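Novice: Got a structure for you, my_file38.pdb, holding PDB, C-alpha atoms (C1' of nucleotides).
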ATOM      1  CA  MET A 214      95.178 114.888 122.658  1.00  0.00           C
ATOM      2  CA  LYS A 215      92.115 114.431 124.790  1.00  0.00           C
ATOM      3  CA  SER A 216      90.947 110.952 123.917  1.00  0.00           C
ATOM      4  CA  VAL A 217      92.791 108.102 122.315  1.00  0.00           C
ATOM      5  CA  THR A 218      90.162 105.442 121.699  1.00  0.00           C
ATOM      6  CA  ILE A 219      90.143 106.352 118.047  1.00  0.00           C
ATOM      7  CA  PHE A 220      93.469 104.651 117.523  1.00  0.00           C
ATOM      8  CA  SER A 221      93.818 100.909 117.383  1.00  0.00           C
ATOM      9  CA  GLU A 222      96.440  99.160 119.466  1.00  0.00           C
ATOM     10  CA  GLU A 223      98.202  98.225 116.243  1.00  0.00           C
ATOM     11  CA  GLN A 224      98.305 101.818 115.136  1.00  0.00           C
ATOM     12  CA  LYS A 225      99.728 102.917 118.419  1.00  0.00           C
ATOM     13  CA  GLN A 226     102.279 100.129 118.363  1.00  0.00           C
ATOM     14  CA  ALA A 227     103.251 100.979 114.806  1.00  0.00           C
ATOM     15  CA  ALA A 228     103.682 104.615 115.781  1.00  0.00           C
ATOM     16  CA  ARG A 229     105.834 103.597 118.748  1.00  0.00           C
ATOM     17  CA  PHE A 230     108.083 101.451 116.586  1.00  0.00           C
ATOM     18  CA  ALA A 231     108.269 104.106 113.903  1.00  0.00           C
ATOM     19  CA  LYS A 232     109.121 106.783 116.406  1.00  0.00           C
ATOM     20  CA  ALA A 233     111.964 104.667 117.739  1.00  0.00           C
ATOM     21  CA  MET A 234     113.267 104.274 114.202  1.00  0.00           C
ATOM     22  CA  GLY A 235     112.898 107.981 113.548  1.00  0.00           C
ATOM     23  CA  HIS A 236     116.461 109.050 114.226  1.00  0.00           C
ATOM     24  CA  PRO A 237     119.562 108.395 112.125  1.00  0.00           C
ATOM     25  CA  VAL A 238     121.572 107.078 115.053  1.00  0.00           C
ATOM     26  CA  ARG A 239     118.900 104.604 116.029  1.00  0.00           C
ATOM     27  CA  MET A 240     118.375 103.619 112.429  1.00  0.00           C
ATOM     28  CA  TYR A 241     122.088 103.053 112.112  1.00  0.00           C
ATOM     29  CA  VAL A 242     122.162 100.832 115.180  1.00  0.00           C
ATOM     30  CA  LEU A 243     119.188  98.802 114.019  1.00  0.00           C
ATOM     31  CA  GLU A 244     120.592  98.343 110.568  1.00  0.00           C
ATOM     32  CA  LEU A 245     123.953  97.285 111.949  1.00  0.00           C
ATOM     33  CA  LEU A 246     122.247  94.728 114.149  1.00  0.00           C
ATOM     34  CA  THR A 247     120.317  93.318 111.231  1.00  0.00           C
ATOM     35  CA  LYS A 248     123.644  92.732 109.553  1.00  0.00           C
ATOM     36  CA  GLN A 249     125.872  91.387 112.268  1.00  0.00           C
ATOM     37  CA  SER A 250     123.764  89.689 114.910  1.00  0.00           C
ATOM     38  CA  CYS A 251     125.239  91.653 117.787  1.00  0.00           C
ATOM     39  CA  CYS A 252     127.516  94.471 118.815  1.00  0.00           C
ATOM     40  CA  TYR A 253     128.960  96.194 121.839  1.00  0.00           C
ATOM     41  CA  SER A 254     128.109  99.724 122.776  1.00  0.00           C
ATOM     42  CA  GLY A 255     131.778 100.589 122.453  1.00  0.00           C
ATOM     43  CA  ASP A 256     131.855  99.563 118.800  1.00  0.00           C
ATOM     44  CA  LEU A 257     129.114 102.074 118.166  1.00  0.00           C
ATOM     45  CA  SER A 258     130.714 104.747 120.298  1.00  0.00           C
ATOM     46  CA  ASP A 259     133.890 104.440 118.234  1.00  0.00           C
ATOM     47  CA  VAL A 260     132.162 105.187 114.977  1.00  0.00           C
ATOM     48  CA  LEU A 261     129.271 107.453 115.907  1.00  0.00           C
ATOM     49  CA  PRO A 262     129.910 111.166 116.362  1.00  0.00           C
ATOM     50  CA  ILE A 263     128.012 111.473 119.628  1.00  0.00           C
ATOM     51  CA  ALA A 264     128.836 111.351 123.309  1.00  0.00           C
ATOM     52  CA  LYS A 265     128.590 107.953 124.937  1.00  0.00           C
ATOM     53  CA  SER A 266     125.863 109.208 127.225  1.00  0.00           C
ATOM     54  CA  THR A 267     123.823 110.226 124.220  1.00  0.00           C
ATOM     55  CA  LEU A 268     124.373 106.858 122.625  1.00  0.00           C
ATOM     56  CA  SER A 269     123.270 105.206 125.828  1.00  0.00           C
ATOM     57  CA  GLN A 270     120.048 107.194 125.689  1.00  0.00           C
ATOM     58  CA  HIS A 271     119.360 106.098 122.123  1.00  0.00           C
ATOM     59  CA  LEU A 272     120.040 102.476 122.982  1.00  0.00           C
ATOM     60  CA  LYS A 273     117.712 102.775 125.942  1.00  0.00           C
ATOM     61  CA  GLU A 274     114.958 104.041 123.679  1.00  0.00           C
ATOM     62  CA  LEU A 275     115.382 101.103 121.347  1.00  0.00           C
ATOM     63  CA  LYS A 276     115.391  98.770 124.329  1.00  0.00           C
ATOM     64  CA  ASP A 277     112.310 100.390 125.857  1.00  0.00           C
ATOM     65  CA  VAL A 278     110.333  99.987 122.671  1.00  0.00           C
ATOM     66  CA  GLY A 279     111.543  96.420 122.493  1.00  0.00           C
ATOM     67  CA  LEU A 280     113.419  96.438 119.209  1.00  0.00           C
ATOM     68  CA  ILE A 281     116.755  95.500 120.745  1.00  0.00           C
ATOM     69  CA  GLN A 282     117.947  93.832 123.897  1.00  0.00           C
ATOM     70  CA  GLY A 283     121.118  94.208 125.897  1.00  0.00           C
ATOM     71  CA  GLU A 284     122.972  91.498 127.713  1.00  0.00           C
ATOM     72  CA  ILE A 285     125.632  92.304 130.265  1.00  0.00           C
ATOM     73  CA  GLU A 286     128.991  90.762 129.472  1.00  0.00           C
ATOM     74  CA  ALA A 287     130.890  92.697 132.035  1.00  0.00           C
ATOM     75  CA  PRO A 288     132.271  95.188 131.739  1.00  0.00           C
ATOM     76  CA  LYS A 289     130.672  95.449 128.315  1.00  0.00           C
ATOM     77  CA  VAL A 290     127.081  95.201 127.157  1.00  0.00           C
ATOM     78  CA  LYS A 291     126.203  93.119 124.165  1.00  0.00           C
ATOM     79  CA  TYR A 292     123.276  94.350 122.105  1.00  0.00           C
ATOM     80  CA  CYS A 293     121.220  92.422 119.613  1.00  0.00           C
ATOM     81  CA  ILE A 294     117.855  92.513 117.900  1.00  0.00           C
ATOM     82  CA  ASN A 295     114.903  91.403 119.977  1.00  0.00           C
ATOM     83  CA  ARG A 296     113.614  88.852 117.511  1.00  0.00           C
ATOM     84  CA  GLU A 297     110.170  88.503 118.965  1.00  0.00           C
ATOM     85  CA  ASN A 298     109.372  92.187 118.715  1.00  0.00           C
ATOM     86  CA  TRP A 299     111.232  92.530 115.457  1.00  0.00           C
ATOM     87  CA  ALA A 300     108.855  89.979 114.006  1.00  0.00           C
ATOM     88  CA  LYS A 301     105.978  92.044 115.335  1.00  0.00           C
ATOM     89  CA  ALA A 302     107.362  95.137 113.649  1.00  0.00           C
ATOM     90  CA  GLN A 303     107.857  93.240 110.399  1.00  0.00           C
ATOM     91  CA  LYS A 304     104.295  92.069 110.458  1.00  0.00           C
ATOM     92  CA  ILE A 305     102.848  95.464 111.280  1.00  0.00           C
ATOM     93  CA  PHE A 306     104.874  97.380 108.721  1.00  0.00           C
ATOM     94  CA  ASN A 307     104.494  94.845 105.957  1.00  0.00           C
ATOM     95  CA  GLN A 308     100.762  94.797 106.421  1.00  0.00           C
ATOM     96  CA  PHE A 309     100.656  98.543 106.500  1.00  0.00           C
ATOM     97  CA  LEU A 310     103.015  99.306 103.651  1.00  0.00           C
ATOM     98  CA  GLU A 311     101.819  96.669 101.254  1.00  0.00           C
ATOM     99  CA  ALA A 312      98.256  97.870 101.442  1.00  0.00           C
ATOM    100  CA  VAL A 313      98.755 100.426  98.672  1.00  0.00           C
TER     101      VAL A 313
ATOM    102  CA  MET B 240     125.523 115.765 116.316  1.00  0.00           C
ATOM    103  CA  LYS B 241     128.696 117.178 114.845  1.00  0.00           C
ATOM    104  CA  SER B 242     129.169 115.165 111.686  1.00  0.00           C
ATOM    105  CA  VAL B 243     126.704 113.170 109.688  1.00  0.00           C
ATOM    106  CA  THR B 244     128.782 111.426 107.056  1.00  0.00           C
ATOM    107  CA  ILE B 245     128.478 108.208 108.997  1.00  0.00           C
ATOM    108  CA  PHE B 246     124.886 107.787 107.927  1.00  0.00           C
ATOM    109  CA  SER B 247     123.923 106.687 104.465  1.00  0.00           C
ATOM    110  CA  GLU B 248     121.325 108.600 102.508  1.00  0.00           C
ATOM    111  CA  GLU B 249     119.061 105.587 102.780  1.00  0.00           C
ATOM    112  CA  GLN B 250     119.399 105.527 106.530  1.00  0.00           C
ATOM    113  CA  LYS B 251     118.579 109.190 106.755  1.00  0.00           C
ATOM    114  CA  GLN B 252     115.628 108.768 104.431  1.00  0.00           C
ATOM    115  CA  ALA B 253     114.397 105.792 106.411  1.00  0.00           C
ATOM    116  CA  ALA B 254     114.670 107.784 109.623  1.00  0.00           C
ATOM    117  CA  ARG B 255     112.757 110.671 108.029  1.00  0.00           C
ATOM    118  CA  PHE B 256     109.946 108.393 106.905  1.00  0.00           C
ATOM    119  CA  ALA B 257     109.867 106.621 110.241  1.00  0.00           C
ATOM    120  CA  LYS B 258     109.758 109.880 112.125  1.00  0.00           C
ATOM    121  CA  ALA B 259     106.791 111.002 110.068  1.00  0.00           C
ATOM    122  CA  MET B 260     105.020 107.747 110.911  1.00  0.00           C
ATOM    123  CA  GLY B 261     105.909 108.090 114.576  1.00  0.00           C
ATOM    124  CA  HIS B 262     102.679 109.609 115.805  1.00  0.00           C
ATOM    125  CA  PRO B 263      99.279 107.943 116.208  1.00  0.00           C
ATOM    126  CA  VAL B 264      97.440 110.679 114.324  1.00  0.00           C
ATOM    127  CA  ARG B 265      99.782 110.484 111.370  1.00  0.00           C
ATOM    128  CA  MET B 266      99.710 106.711 111.451  1.00  0.00           C
ATOM    129  CA  TYR B 267      95.934 106.865 111.463  1.00  0.00           C
ATOM    130  CA  VAL B 268      95.865 109.151 108.453  1.00  0.00           C
ATOM    131  CA  LEU B 269      98.309 107.026 106.508  1.00  0.00           C
ATOM    132  CA  GLU B 270      96.447 103.842 107.280  1.00  0.00           C
ATOM    133  CA  LEU B 271      93.162 105.403 106.283  1.00  0.00           C
ATOM    134  CA  LEU B 272      94.662 106.506 102.991  1.00  0.00           C
ATOM    135  CA  THR B 273      95.975 103.032 102.291  1.00  0.00           C
ATOM    136  CA  LYS B 274      92.411 101.804 102.641  1.00  0.00           C
ATOM    137  CA  GLN B 275      90.332 104.357 100.823  1.00  0.00           C
ATOM    138  CA  SER B 276      92.425 106.059  98.178  1.00  0.00           C
ATOM    139  CA  CYS B 277      91.654 109.562  99.373  1.00  0.00           C
ATOM    140  CA  CYS B 278      90.016 111.697 102.024  1.00  0.00           C
ATOM    141  CA  TYR B 279      89.227 115.254 102.926  1.00  0.00           C
ATOM    142  CA  SER B 280      90.753 116.985 105.874  1.00  0.00           C
ATOM    143  CA  GLY B 281      87.264 117.508 107.240  1.00  0.00           C
ATOM    144  CA  ASP B 282      86.589 113.777 107.370  1.00  0.00           C
ATOM    145  CA  LEU B 283      89.607 113.427 109.605  1.00  0.00           C
ATOM    146  CA  SER B 284      88.730 116.459 111.671  1.00  0.00           C
ATOM    147  CA  ASP B 285      85.330 114.925 112.408  1.00  0.00           C
ATOM    148  CA  VAL B 286      86.757 111.774 113.873  1.00  0.00           C
ATOM    149  CA  LEU B 287      90.072 112.817 115.379  1.00  0.00           C
ATOM    150  CA  PRO B 288      90.116 114.391 118.836  1.00  0.00           C
ATOM    151  CA  ILE B 289      92.409 117.252 117.912  1.00  0.00           C
ATOM    152  CA  ALA B 290      92.019 120.826 116.775  1.00  0.00           C
ATOM    153  CA  LYS B 291      91.874 121.396 113.059  1.00  0.00           C
ATOM    154  CA  SER B 292      95.019 123.484 113.221  1.00  0.00           C
ATOM    155  CA  THR B 293      96.844 120.584 114.845  1.00  0.00           C
ATOM    156  CA  LEU B 294      95.565 118.212 112.202  1.00  0.00           C
ATOM    157  CA  SER B 295      96.738 120.623 109.557  1.00  0.00           C
ATOM    158  CA  GLN B 296     100.203 120.533 111.081  1.00  0.00           C
ATOM    159  CA  HIS B 297     100.287 116.748 111.026  1.00  0.00           C
ATOM    160  CA  LEU B 298      99.137 116.671 107.427  1.00  0.00           C
ATOM    161  CA  LYS B 299     101.811 119.174 106.533  1.00  0.00           C
ATOM    162  CA  GLU B 300     104.450 116.948 108.081  1.00  0.00           C
ATOM    163  CA  LEU B 301     103.278 113.996 106.043  1.00  0.00           C
ATOM    164  CA  LYS B 302     103.240 116.162 102.966  1.00  0.00           C
ATOM    165  CA  ASP B 303     106.706 117.578 103.662  1.00  0.00           C
ATOM    166  CA  VAL B 304     108.209 114.129 103.981  1.00  0.00           C
ATOM    167  CA  GLY B 305     106.405 113.169 100.804  1.00  0.00           C
ATOM    168  CA  LEU B 306     104.199 110.355 102.022  1.00  0.00           C
ATOM    169  CA  ILE B 307     100.955 112.083 101.088  1.00  0.00           C
ATOM    170  CA  GLN B 308      99.886 114.792  98.707  1.00  0.00           C
ATOM    171  CA  GLY B 309      97.085 117.301  98.861  1.00  0.00           C
ATOM    172  CA  GLU B 310      95.020 118.585  95.985  1.00  0.00           C
ATOM    173  CA  ILE B 311      92.833 121.639  96.326  1.00  0.00           C
ATOM    174  CA  GLU B 312      89.209 121.003  95.530  1.00  0.00           C
ATOM    175  CA  ALA B 313      87.964 124.265  96.835  1.00  0.00           C
ATOM    176  CA  PRO B 314      86.974 124.865  99.448  1.00  0.00           C
ATOM    177  CA  LYS B 315      88.184 121.438 100.516  1.00  0.00           C
ATOM    178  CA  VAL B 316      91.524 119.710 100.185  1.00  0.00           C
ATOM    179  CA  LYS B 317      91.710 116.158  98.992  1.00  0.00           C
ATOM    180  CA  TYR B 318      94.547 114.097 100.376  1.00  0.00           C
ATOM    181  CA  CYS B 319      95.935 110.872  99.057  1.00  0.00           C
ATOM    182  CA  ILE B 320      99.046 108.732  99.246  1.00  0.00           C
ATOM    183  CA  ASN B 321     102.004 109.920  97.231  1.00  0.00           C
ATOM    184  CA  ARG B 322     102.573 106.684  95.371  1.00  0.00           C
ATOM    185  CA  GLU B 323     106.052 107.408  94.192  1.00  0.00           C
ATOM    186  CA  ASN B 324     107.406 108.064  97.652  1.00  0.00           C
ATOM    187  CA  TRP B 325     105.262 105.371  99.171  1.00  0.00           C
ATOM    188  CA  ALA B 326     107.002 102.897  96.903  1.00  0.00           C
ATOM    189  CA  LYS B 327     110.312 104.269  98.113  1.00  0.00           C
ATOM    190  CA  ALA B 328     109.255 103.757 101.706  1.00  0.00           C
ATOM    191  CA  GLN B 329     108.099 100.233 100.937  1.00  0.00           C
ATOM    192  CA  LYS B 330     111.398  99.401  99.374  1.00  0.00           C
ATOM    193  CA  ILE B 331     113.465 100.873 102.173  1.00  0.00           C
ATOM    194  CA  PHE B 332     111.478  99.308 104.993  1.00  0.00           C
ATOM    195  CA  ASN B 333     111.125  95.923 103.355  1.00  0.00           C
ATOM    196  CA  GLN B 334     114.830  95.768 102.736  1.00  0.00           C
ATOM    197  CA  PHE B 335     115.552  96.836 106.253  1.00  0.00           C
ATOM    198  CA  LEU B 336     113.005  94.742 108.099  1.00  0.00           C
ATOM    199  CA  GLU B 337     113.460  91.554 106.177  1.00  0.00           C
ATOM    200  CA  ALA B 338     117.162  91.451 106.853  1.00  0.00           C
ATOM    201  CA  VAL B 339     116.738  89.616 110.161  1.00  0.00           C
TER     202      VAL B 339
ATOM    203  C1'  DA C 163      77.980 141.777  98.055  1.00  0.00           C
ATOM    204  C1'  DT C 164      77.693 139.183 102.231  1.00  0.00           C
ATOM    205  C1'  DC C 165      77.899 135.017 104.573  1.00  0.00           C
ATOM    206  C1'  DT C 166      79.373 130.250 105.181  1.00  0.00           C
ATOM    207  C1'  DT C 167      82.456 126.545 104.774  1.00  0.00           C
ATOM    208  C1'  DT C 168      86.967 124.744 104.716  1.00  0.00           C
ATOM    209  C1'  DG C 169      91.519 124.662 105.826  1.00  0.00           C
ATOM    210  C1'  DT C 170      96.085 127.132 106.625  1.00  0.00           C
ATOM    211  C1'  DT C 171      98.972 130.255 109.158  1.00  0.00           C
ATOM    212  C1'  DC C 172     100.356 132.681 113.298  1.00  0.00           C
ATOM    213  C1'  DG C 173     101.480 133.233 118.001  1.00  0.00           C
ATOM    214  C1'  DT C 174     102.222 130.862 121.926  1.00  0.00           C
ATOM    215  C1'  DA C 175     102.631 127.474 125.724  1.00  0.00           C
ATOM    216  C1'  DA C 176     103.790 122.980 127.485  1.00  0.00           C
ATOM    217  C1'  DA C 177     106.105 118.841 126.901  1.00  0.00           C
ATOM    218  C1'  DA C 178     109.387 115.836 124.787  1.00  0.00           C
ATOM    219  C1'  DT C 179     113.673 115.055 122.442  1.00  0.00           C
ATOM    220  C1'  DT C 180     118.472 115.485 121.710  1.00  0.00           C
ATOM    221  C1'  DA C 181     122.805 116.436 123.363  1.00  0.00           C
ATOM    222  C1'  DC C 182     126.705 117.139 126.514  1.00  0.00           C
ATOM    223  C1'  DG C 183     129.898 116.454 130.471  1.00  0.00           C
ATOM    224  C1'  DA C 184     130.419 115.030 135.189  1.00  0.00           C
ATOM    225  C1'  DA C 185     129.635 111.667 138.405  1.00  0.00           C
ATOM    226  C1'  DC C 186     128.754 107.084 139.419  1.00  0.00           C
ATOM    227  C1'  DA C 187     128.586 101.804 139.371  1.00  0.00           C
ATOM    228  C1'  DA C 188     130.308  97.381 138.195  1.00  0.00           C
ATOM    229  C1'  DT C 189     133.782  94.521 137.161  1.00  0.00           C
ATOM    230  C1'  DA C 190     138.263  93.219 135.303  1.00  0.00           C
ATOM    231  C1'  DT C 191     143.249  93.873 135.736  1.00  0.00           C
ATOM    232  C1'  DG C 192     147.707  94.986 137.836  1.00  0.00           C
TER     233       DG C 192
ATOM    234  C1'  DC D 254     143.489  97.020 147.295  1.00  0.00           C
ATOM    235  C1'  DA D 255     144.148 100.453 143.574  1.00  0.00           C
ATOM    236  C1'  DT D 256     143.298 101.423 138.892  1.00  0.00           C
ATOM    237  C1'  DA D 257     141.401 101.103 134.334  1.00  0.00           C
ATOM    238  C1'  DT D 258     137.554 100.055 131.355  1.00  0.00           C
ATOM    239  C1'  DT D 259     132.855 100.204 130.110  1.00  0.00           C
ATOM    240  C1'  DG D 260     128.481 102.012 130.184  1.00  0.00           C
ATOM    241  C1'  DT D 261     124.531 104.160 132.780  1.00  0.00           C
ATOM    242  C1'  DT D 262     122.534 107.889 135.329  1.00  0.00           C
ATOM    243  C1'  DC D 263     122.083 112.730 136.563  1.00  0.00           C
ATOM    244  C1'  DG D 264     121.666 117.516 135.812  1.00  0.00           C
ATOM    245  C1'  DT D 265     121.057 120.718 132.476  1.00  0.00           C
ATOM    246  C1'  DA D 266     120.575 123.431 128.152  1.00  0.00           C
ATOM    247  C1'  DA D 267     118.914 124.015 123.475  1.00  0.00           C
ATOM    248  C1'  DT D 268     115.831 122.590 120.167  1.00  0.00           C
ATOM    249  C1'  DT D 269     111.850 120.365 118.347  1.00  0.00           C
ATOM    250  C1'  DT D 270     107.334 118.617 118.714  1.00  0.00           C
ATOM    251  C1'  DT D 271     102.633 118.808 119.922  1.00  0.00           C
ATOM    252  C1'  DA D 272      98.735 121.339 120.817  1.00  0.00           C
ATOM    253  C1'  DC D 273      95.420 125.132 121.067  1.00  0.00           C
ATOM    254  C1'  DG D 274      92.623 129.183 119.626  1.00  0.00           C
ATOM    255  C1'  DA D 275      92.392 133.327 116.931  1.00  0.00           C
ATOM    256  C1'  DA D 276      92.960 135.351 112.705  1.00  0.00           C
ATOM    257  C1'  DC D 277      93.134 134.878 107.947  1.00  0.00           C
ATOM    258  C1'  DA D 278      92.402 133.303 102.954  1.00  0.00           C
ATOM    259  C1'  DA D 279      89.845 131.191  99.249  1.00  0.00           C
ATOM    260  C1'  DA D 280      85.901 129.993  97.104  1.00  0.00           C
ATOM    261  C1'  DG D 281      81.124 128.551  96.957  1.00  0.00           C
ATOM    262  C1'  DA D 282      76.231 129.714  98.423  1.00  0.00           C
ATOM    263  C1'  DT D 283      72.518 133.009  99.346  1.00  0.00           C
TER     264       DT D 283
END
Can the structure from this file be put into structure tokens for me?
Specialist:
Amino acid sequence: MKSVTIFSEEQKQAARFAKAMGHPVRMYVLELLTKQSCCYSGDLSDVLPIAKSTLSQHLKELKDVGLIQGEIEAPKVKYCINRENWAKAQKIFNQFLEAV
Amino acid sequence: MKSVTIFSEEQKQAARFAKAMGHPVRMYVLELLTKQSCCYSGDLSDVLPIAKSTLSQHLKELKDVGLIQGEIEAPKVKYCINRENWAKAQKIFNQFLEAV
DNA sequence: ATCTTTGTTCGTAAAATTACGAACAATATG
DNA sequence: CATATTGTTCGTAATTTTACGAACAAAGAT
């Protein structure tokens, strides 16, 4: 795309969030974290049929977009929802979806 | 991914919807259609900084995932929200997002 | 019947995503 | 200190996505 001024910041943010949610593994992780407050990468690795490096990439994506956060609890990493940005996503999607 | 039985149908559906929403152009189209009931491809082509063939691809993606539907009104095509699937998306995302 | 308008399809190129295993880093444990 | 555990980073390959222009199809207008 040449320009980008056509899109509002909200639209771009919504697209970013949506894109991050657009993969079953990432959806799975998010949904788990909405249900159990936190988890360790290893818990996920045990149940998900992907290499740990791949999982790490997916978690990084979710972190980068701000939907989750990781806290080092050596040698593990504890992941949980980033509540601030989750609230943002809630607001954006509710507004958007309920408009019809 | 080798297996896929880990993911629920709802998760996969949510990921599919989210993926479709995961691009500014598609987000723009969806948001427009939530606000004005319908539009012609040409209206979008006028305002969006992309080739008409690219736009057509994006619209096809939204159609394929079921979020919009197109009706031929020759020589134009009228697009609008697919209400049935939109309701599905609402339900899935509300359930998912409100869980935190 | 020809031309115009509208949008899709096709072929293709560039970039991004998804995935893996190997190597590495950090820290706990023996 | 050596070793085991946990997860990230790196290099790489395969696939998918995004984008364009050219060609095409359908139908209305002249």
Novice: Evaluate the PyMOL selection byres ((chain C and resi 183) around 9) on the structure here and hand back the selected residues as a list of chain:residue names.
Specialist: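 With the PyMOL selection byres ((chain C and resi 183) around 9) on this model, the match is A:Ala264, A:Ser266, C:DC182, C:DA184.
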Novice: Could you please tell me, as a ChimeraX atom specification, which residues of chain A have an atom within 9 Å of chain D when using all atoms listed in the file?
Specialist: /A:214,254-255,265-266,269-270,287-290
Novice: Hey, what's within 9 Å of B:Leu298 if we count all atoms listed in the file and toss same-chain stuff fewer than 5 positions away? As a ChimeraX atom specification, please?
Specialist: /B:265,268,280,293,303,307-309,318
Novice: To one decimal place in Å, what is the distance between atom C1' of C:DA178 and atom CA of A:Ala227?
Specialist: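 Between atom C1' of C:DA178 and atom CA of A:Ala227 the gap works out to 18.9 Å.
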Novice: Is it possible to get the superposed chain A, fitted on chain B over all Cα pairs by sequence order, as a short mmCIF file (atom, residue, chain, number, x, y, z; two decimals) with C-alpha atoms, in the frame of the given file?
Specialist:
data_model
loop_
_atom_site.label_atom_id
_atom_site.label_comp_id
_atom_site.auth_asym_id
_atom_site.auth_seq_id
_atom_site.Cartn_x
_atom_site.Cartn_y
_atom_site.Cartn_z
CA MET A 214 125.47 115.79 116.27
CA LYS A 215 128.65 117.19 114.84
CA SER A 216 129.13 115.21 111.66
CA VAL A 217 126.67 113.20 109.66
CA THR A 218 128.74 111.46 107.00
CA ILE A 219 128.47 108.25 108.95
CA PHE A 220 124.87 107.81 107.90
CA SER A 221 123.91 106.70 104.44
CA GLU A 222 121.30 108.61 102.48
CA GLU A 223 119.04 105.58 102.76
CA GLN A 224 119.39 105.55 106.51
CA LYS A 225 118.57 109.19 106.75
CA GLN A 226 115.61 108.78 104.43
CA ALA A 227 114.37 105.80 106.41
CA ALA A 228 114.66 107.79 109.62
CA ARG A 229 112.73 110.67 108.03
CA PHE A 230 109.93 108.39 106.92
CA ALA A 231 109.86 106.61 110.25
CA LYS A 232 109.76 109.86 112.15
CA ALA A 233 106.78 111.00 110.09
CA MET A 234 105.02 107.74 110.93
CA GLY A 235 105.91 108.09 114.59
CA HIS A 236 102.68 109.60 115.83
CA PRO A 237 99.28 107.93 116.21
CA VAL A 238 97.45 110.66 114.34
CA ARG A 239 99.78 110.47 111.38
CA MET A 240 99.70 106.70 111.45
CA TYR A 241 95.94 106.84 111.46
CA VAL A 242 95.87 109.15 108.46
CA LEU A 243 98.31 107.01 106.52
CA GLU A 244 96.45 103.84 107.28
CA LEU A 245 93.15 105.39 106.27
CA LEU A 246 94.67 106.50 102.99
CA THR A 247 95.98 103.03 102.29
CA LYS A 248 92.43 101.82 102.63
CA GLN A 249 90.35 104.37 100.82
CA SER A 250 92.45 106.07 98.18
CA CYS A 251 91.67 109.57 99.36
CA CYS A 252 90.02 111.69 102.00
CA TYR A 253 89.24 115.27 102.91
CA SER A 254 90.76 117.00 105.87
CA GLY A 255 87.27 117.52 107.23
CA ASP A 256 86.60 113.79 107.35
CA LEU A 257 89.61 113.44 109.59
CA SER A 258 88.74 116.45 111.68
CA ASP A 259 85.33 114.92 112.39
CA VAL A 260 86.76 111.77 113.85
CA LEU A 261 90.07 112.81 115.37
CA PRO A 262 90.10 114.37 118.83
CA ILE A 263 92.40 117.25 117.92
CA ALA A 264 92.01 120.83 116.81
CA LYS A 265 91.89 121.40 113.08
CA SER A 266 95.03 123.47 113.26
CA THR A 267 96.84 120.58 114.87
CA LEU A 268 95.57 118.22 112.22
CA SER A 269 96.76 120.63 109.57
CA GLN A 270 100.22 120.53 111.10
CA HIS A 271 100.29 116.73 111.04
CA LEU A 272 99.14 116.65 107.44
CA LYS A 273 101.82 119.17 106.56
CA GLU A 274 104.45 116.93 108.10
CA LEU A 275 103.28 113.98 106.06
CA LYS A 276 103.25 116.16 102.96
CA ASP A 277 106.71 117.56 103.67
CA VAL A 278 108.21 114.11 104.00
CA GLY A 279 106.42 113.15 100.82
CA LEU A 280 104.20 110.35 102.04
CA ILE A 281 100.96 112.08 101.10
CA GLN A 282 99.89 114.79 98.73
CA GLY A 283 97.08 117.30 98.87
CA GLU A 284 95.04 118.57 95.99
CA ILE A 285 92.87 121.64 96.32
CA GLU A 286 89.24 121.00 95.50
CA ALA A 287 88.00 124.27 96.80
CA PRO A 288 87.01 124.90 99.42
CA LYS A 289 88.22 121.47 100.49
CA VAL A 290 91.55 119.73 100.16
CA LYS A 291 91.72 116.18 98.97
CA TYR A 292 94.54 114.10 100.39
CA CYS A 293 95.95 110.87 99.06
CA ILE A 294 99.06 108.73 99.25
CA ASN A 295 102.01 109.92 97.22
CA ARG A 296 102.57 106.67 95.38
CA GLU A 297 106.06 107.40 94.20
CA ASN A 298 107.41 108.05 97.67
CA TRP A 299 105.26 105.36 99.18
CA ALA A 300 107.00 102.90 96.91
CA LYS A 301 110.31 104.26 98.12
CA ALA A 302 109.26 103.75 101.72
CA GLN A 303 108.08 100.22 100.95
CA LYS A 304 111.38 99.38 99.39
CA ILE A 305 113.45 100.87 102.19
CA PHE A 306 111.47 99.30 105.01
CA ASN A 307 111.11 95.92 103.38
CA GLN A 308 114.81 95.74 102.75
CA PHE A 309 115.53 96.84 106.26
CA LEU A 310 113.01 94.73 108.11
CA GLU A 311 113.46 91.53 106.18
CA ALA A 312 117.17 91.47 106.83
CA VAL A 313 116.77 89.63 110.14
#
Novice: Set out as a Markdown table a contact list for chain C and chain A with a cut-off of 12 Å, giving each residue of chain C that qualifies its closest atom pair and distance in Å to one decimal, counting all atoms listed in the file, ordered by chain and rising residue number.
Specialist:
| residue | atom | partner | partner_atom | distance |
| --- | --- | --- | --- | --- |
| C:DT179 | C1' | A:His236 | CA | 10.6 |
| C:DT180 | C1' | A:Thr267 | CA | 7.9 |
| C:DA181 | C1' | A:Thr267 | CA | 6.4 |
| C:DC182 | C1' | A:Ala264 | CA | 7.0 |
| C:DG183 | C1' | A:Ala264 | CA | 8.9 |
| C:DA184 | C1' | A:Ser266 | CA | 10.9 |
| C:DA187 | C1' | A:Pro288 | CA | 10.8 |
| C:DA188 | C1' | A:Pro288 | CA | 7.1 |
| C:DT189 | C1' | A:Pro288 | CA | 5.7 |
| C:DA190 | C1' | A:Pro288 | CA | 7.2 |
| C:DT191 | C1' | A:Pro288 | CA | 11.8 |
Novice: Please, what is the axis-aligned box for every listed atom of stretch 261-270 of chain D with 6 Å on each side, as centre and edge lengths in Å to one decimal, as JSON?
Specialist:
{"center_x": 115.9, "center_y": 114.1, "center_z": 127.5, "size_x": 29.2, "size_y": 31.9, "size_z": 30.2}
Novice: Rounded to one decimal, what separation in Å do you get between atom CA of B:Cys278 and atom CA of B:Ile311?
Specialist: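 According to the coordinates, atom CA of B:Cys278 and atom CA of B:Ile311 are separated by 11.8 Å.
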